[in-house]
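**Q** Please find one structure pasted underneath; my questions will follow.
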Amino acid sequence: LDMEALVCNTLKFQLNFRTPFNYIDRFLRASYASSESSTASTLPPLSAIGGHDGIANSSGMNSANHVLMKKLVFYLLDLAVLEYKLVSKKPSIVAASAVYLARATLGICESPAAATSPGSLFVSDQSLRNALKGHWSKTLEYYTGYDLWDLEETVRLLHRLQETAEDNSSTLGNSFNKHKGNKCHNVALKTAVSEADLGFF
């Protein structure tokens with residue numbers, strides 16, 4: 001094995017492989033951003049979108065909401081690792097779907113103007129959430145490379161895992177128990193949205 005390692009190191013082979021976690025930071029930053037244009041060439045720095053300073057950005061999200069969102073996405077990805085049907089999916093689409101489902105779970109909806117000027121809103125009123133309907137923005141579509149319909153199948157699979165995690169002690173119980181604690185901001189205890197409220201028609 002020493003010779004094989006030497007050959008690989010000498011030739012600078014990249015033997016690592018992509019996982020959904022390789023995409024999460026970028027996709028979360030796109031989710032946090034409230035962009036004027038979905039065709040911006042670069043993502044804003046975390047400091048510009050309220051990433052670490054606790055100051056709410058133009059979308060109404062602050063650092064506490066960012067942490068909750070990230071923890072929830074990590075929980076959904078932990079569940080995804082245990083689902084055989086997701087093995088064949090591209091890591092980037094699994095990551096994007098986890099971000100979508102986390103936004104739906106937390107009630108982050110897009111305003112009707114999001115088609116041209118994306119802006120995330122935390123919406124507590126269920127009827128208003130239903131009226132707005134969208135959990136995906138042009139900004140997210142641009143930076144992830146996936147539109148709403150690309151995500152549907154994977155989001156539905158993740159949603160089923162989220163719904164059954166508490167009851168499925170044989171395969172999902174460990175992830176549920178890990179993420180229901182205070183250290184993980186109790187994200188496993190968040191109520192999963194109904195299938196009708198996922199935003200697919």
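Every chain in the structure tokens has a letter given in the order shown (A, B, ...), and although residue numbers restart at 1 in each chain, ligands are simply numbered from 1 in the order shown.
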With only C-alpha atoms as the counted atoms, please give the residues lying no more than 10 Å from Ser97 of chain A, apart from itself and same-chain residues fewer than 5 positions off, as a PyMOL selection string.
**A** chain A and resi 20+73+76-77+91-92+102-103+144+146+148+150-159
**Q** Select from segment 62-201 of chain A everything DSSP, run on the backbone, classes as strand (DSSP E), then give the selection as a PyMOL selection string.
**A** chain A and resi 108-110+120-122
**Q** Taking only C-alpha atoms into account, which of A:Leu172, A:Cys184, A:Ala33, A:Ala104 comes nearest Leu198 of chain A?
**A**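 Of A:Leu172, A:Cys184, A:Ala33, A:Ala104, the one nearest Leu198 of chain A is A:Ala104, counting only C-alpha atoms.
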**Q** What separation in Å, quoted to one decimal, exists between atom CA of Ala30 of chain A and atom CA of Leu140 of chain A?
**A**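 Taking atom CA of Ala30 of chain A as the start and atom CA of Leu140 of chain A as the end point, the length is 5.7 Å.
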**Q** Skip Gln162 of chain A itself and residues of its chain fewer than 5 positions away, then list as number ranges by chain all residues within 12 Å of it, counting only C-alpha atoms.
**A** A: 72-73, 75-80, 82-83, 98, 101-102, 105, 155-157, 167-168, 172-173, 175-176, 179, 187-195
**Q** Measuring atom to atom with only C-alpha atoms, identify which of A:Ala95, A:His66, A:Ala196, A:Phe27 is nearest to Val81 of chain A.
**A**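 Smallest distance to Val81 of chain A is found for A:Ala95.
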**Q** Using only C-alpha atoms, can you tell me which of A:Lys85, A:Val7, A:Lys178, A:Phe17 comes closest to Arg160 of chain A?
**A**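 Of A:Lys85, A:Val7, A:Lys178, A:Phe17, the one nearest Arg160 of chain A, counting only C-alpha atoms, is A:Lys85.
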**Q** For atom CA of Ile108 of chain A and atom CA of Lys89 of chain A, determine how far apart the two atoms are, in Å to one decimal place.
**A**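 Atom-to-atom, atom CA of Ile108 of chain A and atom CA of Lys89 of chain A are spaced 25.0 Å apart.
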**Q** Could you check which of A:Leu11, A:Leu106, A:Ile24, A:Ala5 is closest to Asn65 of chain A, using only C-alpha atoms?
**A**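 That would be A:Leu106, the residue with the smallest distance to Asn65 of chain A.
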**Q** Name the residues of segment 124-194 of chain A that come out as alpha helix (DSSP H) in a backbone DSSP run; write them as a ChimeraX atom specification.
**A** /A:126-132,138-144,148-164,173-179
